[in-house]
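Pasted below: structure-v4.cif, mmCIF, C-alpha atoms.
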data_data
loop_
_atom_site.label_atom_id
_atom_site.label_comp_id
_atom_site.auth_asym_id
_atom_site.auth_seq_id
_atom_site.Cartn_x
_atom_site.Cartn_y
_atom_site.Cartn_z
CA MET A 984 -28.71 6.95 48.56
CA THR A 985 -27.80 5.29 51.84
CA ASP A 986 -24.45 6.26 53.29
CA ARG A 987 -22.66 3.42 55.07
CA PHE A 988 -21.61 5.74 57.90
CA LEU A 989 -25.12 7.08 58.47
CA ALA A 990 -27.19 3.94 57.96
CA ASN A 991 -28.88 2.92 61.21
CA ARG A 992 -27.73 6.09 63.00
CA HIS A 993 -30.21 8.23 64.91
CA ALA A 994 -30.07 11.98 64.38
CA LEU A 995 -31.76 14.69 66.44
CA VAL A 996 -32.14 17.94 64.49
CA THR A 997 -33.50 21.06 66.17
CA GLY A 998 -35.03 23.89 64.16
CA ALA A 999 -35.99 21.47 61.39
CA THR A 1000 -39.47 22.60 60.42
CA SER A 1001 -38.07 24.93 57.76
CA GLY A 1002 -34.92 26.26 56.15
CA ILE A 1003 -31.48 24.78 56.74
CA GLY A 1004 -32.69 22.49 59.53
CA LEU A 1005 -35.34 20.92 57.31
CA ALA A 1006 -32.82 20.44 54.48
CA ILE A 1007 -30.38 18.75 56.88
CA ALA A 1008 -33.08 16.47 58.32
CA ARG A 1009 -34.16 15.44 54.80
CA ALA A 1010 -30.56 14.75 53.77
CA LEU A 1011 -29.85 12.69 56.88
CA ASN A 1012 -32.94 10.54 56.30
CA ALA A 1013 -32.07 10.16 52.61
CA ALA A 1014 -28.62 8.92 53.70
CA GLY A 1015 -30.19 6.25 55.92
CA ALA A 1016 -30.35 7.87 59.35
CA GLN A 1017 -33.44 7.75 61.54
CA VAL A 1018 -34.41 11.39 62.16
CA SER A 1019 -36.02 12.95 65.21
CA PHE A 1020 -36.68 16.65 64.82
CA ASN A 1021 -37.98 19.74 66.52
CA GLY A 1022 -39.11 23.19 65.47
CA PHE A 1023 -41.91 25.71 65.60
CA GLY A 1024 -44.65 26.24 63.07
CA SER A 1025 -48.31 25.72 62.39
CA ALA A 1026 -49.73 22.22 62.57
CA GLU A 1027 -49.75 22.18 58.76
CA GLN A 1028 -46.11 23.30 58.54
CA ILE A 1029 -45.02 20.64 61.04
CA ALA A 1030 -46.98 17.93 59.21
CA GLN A 1031 -45.44 19.06 55.91
CA ALA A 1032 -41.92 18.97 57.38
CA ASN A 1033 -42.57 15.50 58.81
CA ALA A 1034 -43.83 14.29 55.43
CA GLU A 1035 -40.83 15.78 53.58
CA ILE A 1036 -38.29 14.31 55.97
CA SER A 1037 -39.95 10.88 55.96
CA ALA A 1038 -40.31 10.86 52.15
CA ALA A 1039 -36.61 11.59 51.71
CA GLY A 1040 -35.55 8.19 53.01
CA ASN A 1041 -36.66 4.85 54.33
CA CYS A 1042 -37.30 5.89 57.94
CA GLN A 1043 -40.37 7.56 59.40
CA SER A 1044 -39.24 10.76 61.13
CA THR A 1045 -40.43 11.69 64.62
CA TYR A 1046 -41.41 15.22 65.65
CA PHE A 1047 -40.92 16.53 69.18
CA ASP A 1048 -42.82 19.62 70.27
CA ALA A 1049 -40.27 21.00 72.72
CA ASP A 1050 -39.98 24.67 73.63
CA LEU A 1051 -36.20 25.08 73.48
CA ARG A 1052 -36.38 28.05 75.83
CA GLN A 1053 -37.16 25.56 78.61
CA PRO A 1054 -34.40 23.18 79.81
CA SER A 1055 -37.02 20.77 81.14
CA ALA A 1056 -38.61 20.54 77.67
CA ILE A 1057 -35.20 19.77 76.17
CA GLU A 1058 -34.65 17.06 78.79
CA THR A 1059 -38.01 15.50 77.90
CA MET A 1060 -37.26 15.67 74.16
CA VAL A 1061 -33.81 14.09 74.44
CA ALA A 1062 -35.07 11.35 76.76
CA ALA A 1063 -37.94 10.54 74.37
CA ALA A 1064 -35.61 10.55 71.35
CA ASN A 1065 -33.14 8.29 73.17
CA ALA A 1066 -36.04 5.94 73.99
CA LEU A 1067 -36.57 5.46 70.23
CA ALA A 1068 -32.87 4.74 69.64
CA ALA A 1069 -29.63 6.09 71.08
CA ILE A 1070 -28.87 9.52 69.65
CA ASP A 1071 -25.75 9.31 67.47
CA ILE A 1072 -25.94 12.68 65.75
CA VAL A 1073 -27.05 16.06 67.10
CA VAL A 1074 -27.62 19.01 64.80
CA ASN A 1075 -28.35 22.19 66.76
CA CYS A 1076 -29.99 24.28 64.07
CA ALA A 1077 -32.68 26.13 66.02
CA GLY A 1078 -32.16 29.85 66.01
CA MET A 1079 -33.92 33.16 66.18
CA GLN A 1080 -33.04 36.83 65.94
CA HIS A 1081 -34.55 40.22 66.55
CA ALA A 1082 -33.20 43.18 64.59
CA ALA A 1083 -32.51 46.03 66.99
CA ALA A 1084 -29.64 48.15 68.24
CA LEU A 1085 -28.29 47.38 71.70
CA SER A 1086 -30.13 50.34 73.22
CA ASP A 1087 -33.43 49.17 71.70
CA MET A 1088 -33.15 45.44 72.37
CA PRO A 1089 -36.07 44.28 74.56
CA THR A 1090 -34.72 42.25 77.46
CA GLU A 1091 -37.24 39.47 76.87
CA ARG A 1092 -35.99 39.12 73.27
CA TRP A 1093 -32.37 39.03 74.49
CA ASP A 1094 -33.22 36.30 77.00
CA ALA A 1095 -35.07 34.29 74.36
CA GLN A 1096 -32.08 34.52 72.00
CA ILE A 1097 -29.71 33.27 74.69
CA ALA A 1098 -32.09 30.40 75.49
CA VAL A 1099 -32.74 29.22 71.91
CA ASN A 1100 -29.48 30.10 70.13
CA LEU A 1101 -27.07 29.06 72.88
CA SER A 1102 -28.51 27.36 75.96
CA ALA A 1103 -30.61 24.90 73.92
CA ALA A 1104 -27.47 23.67 72.16
CA PHE A 1105 -25.67 23.34 75.50
CA HIS A 1106 -28.50 21.27 76.99
CA THR A 1107 -28.98 19.10 73.91
CA ILE A 1108 -25.27 18.29 73.82
CA ARG A 1109 -25.06 17.78 77.58
CA LEU A 1110 -27.92 15.31 77.52
CA SER A 1111 -26.79 13.45 74.37
CA LEU A 1112 -23.10 13.05 75.24
CA PRO A 1113 -23.44 10.23 77.80
CA GLY A 1114 -24.96 7.90 75.19
CA MET A 1115 -22.39 8.89 72.60
CA ARG A 1116 -19.61 8.22 75.07
CA THR A 1117 -21.09 4.83 75.95
CA ASN A 1118 -21.25 3.92 72.25
CA GLY A 1119 -17.86 5.43 71.44
CA TRP A 1120 -19.29 7.35 68.49
CA GLY A 1121 -21.07 10.63 67.97
CA ARG A 1122 -21.31 13.64 65.70
CA ILE A 1123 -22.38 17.07 66.90
CA PHE A 1124 -22.99 19.99 64.54
CA ASN A 1125 -23.78 23.49 65.75
CA MET A 1126 -25.29 25.84 63.20
CA THR A 1127 -23.64 29.13 63.95
CA SER A 1128 -23.30 31.89 61.37
CA VAL A 1129 -20.83 34.05 59.55
CA TYR A 1130 -22.00 36.62 62.12
CA GLY A 1131 -20.45 34.48 64.81
CA VAL A 1132 -17.04 35.54 63.49
CA ARG A 1133 -17.81 39.10 62.48
CA ALA A 1134 -20.00 41.83 63.87
CA VAL A 1135 -22.85 43.66 62.22
CA THR A 1136 -25.02 46.46 63.55
CA ASN A 1137 -28.54 45.92 64.86
CA ARG A 1138 -27.94 42.21 65.57
CA ILE A 1139 -26.40 42.31 69.06
CA ASP A 1140 -28.41 39.23 70.09
CA TYR A 1141 -27.63 37.09 67.05
CA VAL A 1142 -23.95 38.02 66.80
CA SER A 1143 -23.37 37.47 70.52
CA THR A 1144 -25.12 34.10 70.69
CA LYS A 1145 -23.53 32.77 67.51
CA ALA A 1146 -20.05 33.81 68.70
CA ALA A 1147 -20.70 32.07 72.01
CA LEU A 1148 -21.91 28.97 70.15
CA LEU A 1149 -18.58 28.86 68.33
CA ALA A 1150 -16.80 28.91 71.68
CA LEU A 1151 -19.08 26.17 73.03
CA THR A 1152 -18.26 24.09 69.94
CA ARG A 1153 -14.52 24.43 70.54
CA VAL A 1154 -14.82 23.36 74.17
CA VAL A 1155 -16.99 20.33 73.35
CA ALA A 1156 -14.56 19.32 70.60
CA LEU A 1157 -11.67 19.41 73.08
CA GLU A 1158 -13.60 17.60 75.81
CA THR A 1159 -14.55 14.77 73.46
CA LEU A 1160 -11.14 14.40 71.81
CA ASN A 1161 -10.14 10.77 71.18
CA GLN A 1162 -13.58 9.47 72.23
CA GLY A 1163 -14.94 8.81 68.73
CA ILE A 1164 -17.03 11.98 68.99
CA THR A 1165 -16.62 15.12 66.92
CA CYS A 1166 -18.14 18.56 67.39
CA ASN A 1167 -18.12 21.06 64.54
CA ALA A 1168 -19.62 24.44 63.74
CA ILE A 1169 -21.16 25.38 60.42
CA CYS A 1170 -21.12 29.11 59.69
CA PRO A 1171 -23.38 29.95 56.71
CA GLY A 1172 -24.05 33.41 55.42
CA ALA A 1173 -27.51 34.60 54.41
CA VAL A 1174 -29.74 31.93 52.84
CA LEU A 1175 -33.34 31.84 51.70
#

Using structure tokens, write down the structure from this file.
Amino acid sequence: MTDRFLANRHALVTGATSGIGLAIARALNAAGAQVSFNGFGSAEQIAQANAEISAAGNCQSTYFDADLRQPSAIETMVAAANALAAIDIVVNCAGMQHAAALSDMPTERWDAQIAVNLSAAFHTIRLSLPGMRTNGWGRIFNMTSVYGVRAVTNRIDYVSTKAALLALTRVVALETLNQGITCNAICPGAVL
């Protein structure tokens, strides 16, 4: 069912080849938004996600194969998405985690968590905000976690990045106040 607030809006959803991101991308398309999305997976998984998102609504979704650990790839993705239509909605849903205690956390895993769980959201927002400001309307959603507000053992990477993403959300919300742009965090618990 088309939502009058979402009809003809363009949403960019990261981490949308499975799980919560895929569900959000499907729901946005079902509500009338054009959906661009990103995520990892096999060619079959990506094709299946694209088919599911497109089938949910009236708009053909567009997949972008951007490695969110690379700022230049995010810049290319946002520019290409904006070339389709100005980005009105950003959903930063990409995330990863590696279960290990602080003393056992591989530094390359820590760096990857910072890049995907936090820096990717920063860059996606940074690059999408100018268009939102020009249009006087935008919605930004950052998928954090219940672990962003409480600690748990053996998840130093996930807890730290999700807590930082909450802080980033608060700053963006303040910096876009009274501009027709909102920035909110969603903090789910464990889901399938």

Checklist line | Selection result of the PyMOL selection byres ((chain A and resi 1022-1028) around 6) on this file, as a list in words | finding: Gly998, Ala999, Thr1000, Asn1021, Ile1029, Ala1030 and Gln1031 of chain A

With 4 Å added on each side, what axis-aligned box encloses every listed atom of segment 1060-1073 of chain A? Give the centre and edge lengths in Å to one decimal, as AutoDock Vina command-line options.
--center_x -31.8 --center_y 10.4 --center_z 71.3 --size_x 20.2 --size_y 19.3 --size_z 19.0

Tell me, counting all atoms listed in the file, for each residue of segment 989-1080 of chain A within 6 Å of segment 1109-1130 of chain A, which pair of atoms is nearest and how far apart they are in Å to one decimal, in rows ordered by chain and increasing number, as a Markdown table.
| residue | atom | partner | partner_atom | distance |
| --- | --- | --- | --- | --- |
| A:Asp1071 | CA | A:Gly1121 | CA | 4.9 |
| A:Ile1072 | CA | A:Arg1122 | CA | 4.7 |
| A:Val1073 | CA | A:Ile1123 | CA | 4.8 |
| A:Val1074 | CA | A:Phe1124 | CA | 4.7 |
| A:Asn1075 | CA | A:Asn1125 | CA | 4.9 |
| A:Cys1076 | CA | A:Met1126 | CA | 5.0 |

Checklist line | Straight-line distance linking atom CA of Ile1164 of chain A with atom CA of Ala1038 of chain A, stated in Å to one decimal | finding: 28.8 Å

When the PyMOL selection byres ((chain A and resi 1140) around 9) is applied to the file above, which residues end up in the set, as a CSV table (one decimal) with C-alpha atoms, in the frame of the given file?
chain,number,residue,atom,x,y,z
A,1080,GLN,CA,-33.0,36.8,65.9
A,1081,HIS,CA,-34.6,40.2,66.6
A,1082,ALA,CA,-33.2,43.2,64.6
A,1083,ALA,CA,-32.5,46.0,67.0
A,1085,LEU,CA,-28.3,47.4,71.7
A,1088,MET,CA,-33.2,45.4,72.4
A,1092,ARG,CA,-36.0,39.1,73.3
A,1093,TRP,CA,-32.4,39.0,74.5
A,1094,ASP,CA,-33.2,36.3,77.0
A,1096,GLN,CA,-32.1,34.5,72.0
A,1097,ILE,CA,-29.7,33.3,74.7
A,1137,ASN,CA,-28.5,45.9,64.9
A,1138,ARG,CA,-27.9,42.2,65.6
A,1139,ILE,CA,-26.4,42.3,69.1
A,1141,TYR,CA,-27.6,37.1,67.0
A,1142,VAL,CA,-24.0,38.0,66.8
A,1143,SER,CA,-23.4,37.5,70.5
A,1144,THR,CA,-25.1,34.1,70.7
A,1145,LYS,CA,-23.5,32.8,67.5

Item checked: Coordinates-based distance that separates atom CA of Glu1091 of chain A from atom CA of Val996 of chain A (Å, one decimal) -> 25.4 Å

Would you mind putting back N, CA and C atoms on segment 1078-1107 of chain A, then writing it out as a short mmCIF file (atom, residue, chain, number, x, y, z; two decimals), keeping the file's coordinate frame?
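And here's selection_2.cif as it stands now:
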data_model
loop_
_atom_site.label_atom_id
_atom_site.label_comp_id
_atom_site.auth_asym_id
_atom_site.auth_seq_id
_atom_site.Cartn_x
_atom_site.Cartn_y
_atom_site.Cartn_z
N GLY A 1078 -32.69 28.52 65.80
CA GLY A 1078 -32.16 29.85 66.01
C GLY A 1078 -33.23 30.90 65.77
N MET A 1079 -33.01 32.04 66.36
CA MET A 1079 -33.92 33.16 66.18
C MET A 1079 -33.13 34.44 66.30
N GLN A 1080 -33.69 35.53 65.82
CA GLN A 1080 -33.04 36.83 65.94
C GLN A 1080 -34.08 37.93 65.94
N HIS A 1081 -33.68 39.05 66.48
CA HIS A 1081 -34.55 40.22 66.55
C HIS A 1081 -33.68 41.42 66.16
N ALA A 1082 -34.00 42.06 65.07
CA ALA A 1082 -33.20 43.18 64.59
C ALA A 1082 -33.45 44.43 65.43
N ALA A 1083 -32.43 44.80 66.18
CA ALA A 1083 -32.51 46.03 66.99
C ALA A 1083 -31.11 46.40 67.47
N ALA A 1084 -30.90 47.69 67.65
CA ALA A 1084 -29.64 48.15 68.24
C ALA A 1084 -29.61 47.76 69.72
N LEU A 1085 -28.44 47.74 70.29
CA LEU A 1085 -28.29 47.38 71.70
C LEU A 1085 -29.23 48.18 72.59
N SER A 1086 -29.30 49.49 72.37
CA SER A 1086 -30.13 50.34 73.22
C SER A 1086 -31.63 50.08 73.05
N ASP A 1087 -32.02 49.44 71.96
CA ASP A 1087 -33.43 49.17 71.70
C ASP A 1087 -33.83 47.71 71.87
N MET A 1088 -32.88 46.87 72.27
CA MET A 1088 -33.15 45.44 72.37
C MET A 1088 -34.02 45.15 73.59
N PRO A 1089 -35.23 44.64 73.41
CA PRO A 1089 -36.07 44.28 74.56
C PRO A 1089 -35.41 43.15 75.35
N THR A 1090 -35.40 43.26 76.65
CA THR A 1090 -34.72 42.25 77.46
C THR A 1090 -35.32 40.86 77.28
N GLU A 1091 -36.64 40.79 77.07
CA GLU A 1091 -37.24 39.47 76.87
C GLU A 1091 -36.78 38.83 75.56
N ARG A 1092 -36.51 39.64 74.54
CA ARG A 1092 -35.99 39.12 73.27
C ARG A 1092 -34.54 38.65 73.46
N TRP A 1093 -33.75 39.42 74.19
CA TRP A 1093 -32.37 39.03 74.49
C TRP A 1093 -32.35 37.68 75.21
N ASP A 1094 -33.17 37.55 76.23
CA ASP A 1094 -33.22 36.30 77.00
C ASP A 1094 -33.66 35.12 76.13
N ALA A 1095 -34.61 35.36 75.25
CA ALA A 1095 -35.07 34.29 74.36
C ALA A 1095 -33.96 33.86 73.40
N GLN A 1096 -33.19 34.84 72.90
CA GLN A 1096 -32.08 34.52 72.00
C GLN A 1096 -31.02 33.67 72.71
N ILE A 1097 -30.68 34.04 73.92
CA ILE A 1097 -29.71 33.27 74.69
C ILE A 1097 -30.22 31.84 74.89
N ALA A 1098 -31.50 31.72 75.22
CA ALA A 1098 -32.09 30.40 75.49
C ALA A 1098 -32.09 29.52 74.24
N VAL A 1099 -32.58 30.03 73.12
CA VAL A 1099 -32.74 29.22 71.91
C VAL A 1099 -31.42 29.05 71.16
N ASN A 1100 -30.68 30.14 70.96
CA ASN A 1100 -29.48 30.10 70.13
C ASN A 1100 -28.28 29.49 70.84
N LEU A 1101 -28.25 29.52 72.16
CA LEU A 1101 -27.07 29.06 72.88
C LEU A 1101 -27.38 27.99 73.92
N SER A 1102 -28.24 28.30 74.87
CA SER A 1102 -28.51 27.36 75.96
C SER A 1102 -29.14 26.06 75.45
N ALA A 1103 -30.00 26.13 74.46
CA ALA A 1103 -30.61 24.90 73.92
C ALA A 1103 -29.55 23.96 73.38
N ALA A 1104 -28.56 24.51 72.68
CA ALA A 1104 -27.47 23.67 72.16
C ALA A 1104 -26.68 23.06 73.31
N PHE A 1105 -26.38 23.85 74.32
CA PHE A 1105 -25.67 23.34 75.50
C PHE A 1105 -26.42 22.16 76.11
N HIS A 1106 -27.72 22.33 76.35
CA HIS A 1106 -28.50 21.27 76.99
C HIS A 1106 -28.64 20.04 76.10
N THR A 1107 -28.85 20.23 74.82
CA THR A 1107 -28.98 19.10 73.91
C THR A 1107 -27.69 18.29 73.87
#
